[in-house]
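Participant: My structure is below; once you've seen it, I'll send some questions.
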Amino acid sequence: MTVEGVLKKMITENRSPIHYFLDLKTHTIHMNQFIGKTLRFKHIGFECLNCHEDKPIFRQGFCKKCFFEIPTAGDWIMKPELSQAHLGIEDRDLEYEKKMQLQPHVVYLASSSNIKVGVTRESQVPTRWIDQGAEHAVPLVITPNRYLAGITEVALKNYVADKTNWRKMLTSKAPEIDLFAKKEELKQYLPSEVQEFYVDDFKEYNFDFPLNHYSEKVTSINLAKLPEFEKVLKGIKGQYLLFEDQTVFNVRSNEGYVIELTV
């Protein structure tokens with residue numbers, strides 16, 4: 001089977017194990033069924049996820065022009081504390097920013113490579129945690145807008161990491177950490193304006209990824225440096241495809257690349 005399409009982050013279904021689907025426009029491919037089989041990826045072009053033109057991808061699946069102009073690539077995406085829609089201040093498109101920023105956001109603790117704090121829209125629970133390769137997660141606060149979630153993350157990253165060590169996440173299971181104890185410990189460091197939004201319950205989300213064997217080390221590959229490769233898929237975690245030769249391919253970081261996929 002050979003299909004063509006533009007890479008976007010894999011669609012996930014929260015089952016045990018997680019189910020992964022690669023959406024290539026004309027084909028939606030259930031990737032779990034190919035674990036243990038040989039996949040060949042071949043880069044054949046580009047398609048910006050915004051303008052859909054065949055232009056080199058700059059960042060986040062967008063060409064350079066789109067990346068610096070469209071509201072979906074504003075700085076507040078990566079840095080929620082820069083959100084200003086709650087003040088009526090526009091970055092690139094106030095109506096879009098109001099729609100995205102003025103909705104409930106979750107500040108959470110997750111265990112993947114280590115314990116980390118992060119922010120996601122409530123509507124993205126649990127997808128965000130699956131995409132990060134988190135095996136366990138608990139909500140810490142649920143705020144009414146992105147700005148309050150952002151300043152909470154900034155305050156807490158003085159006491160806990162705010163990034164995932166992707167190599168560690170792909171070479172070992174998450175460490176056994178009492179997320180509820182850590183949540184209670186961090187409560188004292190919440191900004192005063194978000195104290196009322198603390199989630200006072202003991203609900204933990206747990207995830208099972210289709211990966212049975214971890215390698216001692218992994219090497220990342222990408223289509224910019226290796227435009228064609230053929231490897232045996234051994235598992236999937238986060239947005240990574242893991243191969244038997246200890247290489248890994250981050251689908252999300254290759255968004256916007258048009259590929260020919262052969263199984």
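Letters A, B, ... go to the chains of the structure tokens in the order shown; residues in each chain start at 1; ligands are counted from 1 in the same order.
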Find the residues around Ala85 of chain A up to 10 Å (only C-alpha atoms counted), leave out those fewer than 5 positions away in its own chain, and share them as an NGL selection string.
Facilitator: :A and (90-91 or 93-102 or 145-147)
Participant: Hey, can you spit out that residue selection with N, CA, C and O atoms as an mmCIF file, in the first residue's frame?
Facilitator:
data_model
loop_
_atom_site.group_PDB
_atom_site.id
_atom_site.type_symbol
_atom_site.label_atom_id
_atom_site.label_comp_id
_atom_site.auth_asym_id
_atom_site.auth_seq_id
_atom_site.Cartn_x
_atom_site.Cartn_y
_atom_site.Cartn_z
ATOM 1 N N GLU A 90 -5.485 43.365 21.119
ATOM 2 C CA GLU A 90 -5.244 42.460 19.985
ATOM 3 C C GLU A 90 -3.764 42.178 19.783
ATOM 4 O O GLU A 90 -2.921 43.063 19.928
ATOM 5 N N ASP A 91 -3.459 40.938 19.462
ATOM 6 C CA ASP A 91 -2.116 40.569 19.018
ATOM 7 C C ASP A 91 -2.125 40.548 17.488
ATOM 8 O O ASP A 91 -1.497 41.380 16.839
ATOM 9 N N ASP A 93 -5.362 39.002 15.755
ATOM 10 C CA ASP A 93 -6.784 38.933 15.387
ATOM 11 C C ASP A 93 -7.578 38.781 16.676
ATOM 12 O O ASP A 93 -7.671 37.687 17.228
ATOM 13 N N LEU A 94 -8.127 39.899 17.168
ATOM 14 C CA LEU A 94 -8.744 39.899 18.486
ATOM 15 C C LEU A 94 -9.911 38.925 18.592
ATOM 16 O O LEU A 94 -10.079 38.273 19.624
ATOM 17 N N GLU A 95 -10.731 38.813 17.563
ATOM 18 C CA GLU A 95 -11.877 37.907 17.638
ATOM 19 C C GLU A 95 -11.424 36.467 17.801
ATOM 20 O O GLU A 95 -11.971 35.711 18.610
ATOM 21 N N TYR A 96 -10.409 36.080 17.045
ATOM 22 C CA TYR A 96 -9.871 34.722 17.181
ATOM 23 C C TYR A 96 -9.253 34.541 18.557
ATOM 24 O O TYR A 96 -9.449 33.514 19.216
ATOM 25 N N GLU A 97 -8.521 35.537 19.004
ATOM 26 C CA GLU A 97 -7.844 35.441 20.297
ATOM 27 C C GLU A 97 -8.840 35.376 21.448
ATOM 28 O O GLU A 97 -8.627 34.641 22.420
ATOM 29 N N LYS A 98 -9.947 36.091 21.337
ATOM 30 C CA LYS A 98 -10.990 35.990 22.354
ATOM 31 C C LYS A 98 -11.569 34.573 22.379
ATOM 32 O O LYS A 98 -11.784 33.993 23.452
ATOM 33 N N LYS A 99 -11.819 34.045 21.192
ATOM 34 C CA LYS A 99 -12.400 32.708 21.094
ATOM 35 C C LYS A 99 -11.504 31.661 21.748
ATOM 36 O O LYS A 99 -11.971 30.769 22.458
ATOM 37 N N MET A 100 -10.195 31.777 21.522
ATOM 38 C CA MET A 100 -9.265 30.760 22.019
ATOM 39 C C MET A 100 -8.814 31.015 23.453
ATOM 40 O O MET A 100 -8.632 30.076 24.230
ATOM 41 N N GLN A 101 -8.631 32.274 23.821
ATOM 42 C CA GLN A 101 -8.080 32.592 25.134
ATOM 43 C C GLN A 101 -9.140 32.688 26.231
ATOM 44 O O GLN A 101 -8.860 32.355 27.385
ATOM 45 N N LEU A 102 -10.327 33.134 25.863
ATOM 46 C CA LEU A 102 -11.361 33.355 26.876
ATOM 47 C C LEU A 102 -12.244 32.116 27.013
ATOM 48 O O LEU A 102 -13.457 32.149 26.789
ATOM 49 N N ASN A 145 -9.559 31.778 31.836
ATOM 50 C CA ASN A 145 -8.910 32.273 30.618
ATOM 51 C C ASN A 145 -7.456 31.809 30.559
ATOM 52 O O ASN A 145 -6.917 31.248 31.517
ATOM 53 N N ARG A 146 -6.842 32.033 29.408
ATOM 54 C CA ARG A 146 -5.490 31.536 29.170
ATOM 55 C C ARG A 146 -4.441 32.334 29.964
ATOM 56 O O ARG A 146 -3.434 31.774 30.395
ATOM 57 N N TYR A 147 -4.683 33.633 30.131
ATOM 58 C CA TYR A 147 -3.714 34.456 30.853
ATOM 59 C C TYR A 147 -3.486 33.950 32.278
ATOM 60 O O TYR A 147 -2.338 33.793 32.714
#
Participant: So that I can check the surroundings of Leu22 of chain A, please list as a list in words every protein, DNA and RNA residue that reaches within 10 Å of it, counting only C-alpha atoms and ignoring chain neighbours fewer than 3 positions away.
Facilitator: Gly5, Val6, Leu7, Lys8, Lys9, Met10, Ile11, Thr12, Lys25, His27, Thr28, Ile29, His30, Met31 and Val251 of chain A
Participant: Identify which of the residues A:Cys66, A:Leu170, A:Val194, A:Leu233 lies closest to Asp245 of chain A, counting only C-alpha atoms when measuring atom-to-atom distances.
Facilitator: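 The shortest atom-to-atom distance to Asp245 of chain A comes from A:Leu233.
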Participant: Which residues, written as number ranges by chain, have at least one atom at most 10 Å from Val106 of chain A, with only C-alpha atoms counted and residues fewer than 2 positions away on the same chain left out?
Facilitator: A: 104, 108-109, 118-125, 138-146, 148-150, 197, 199
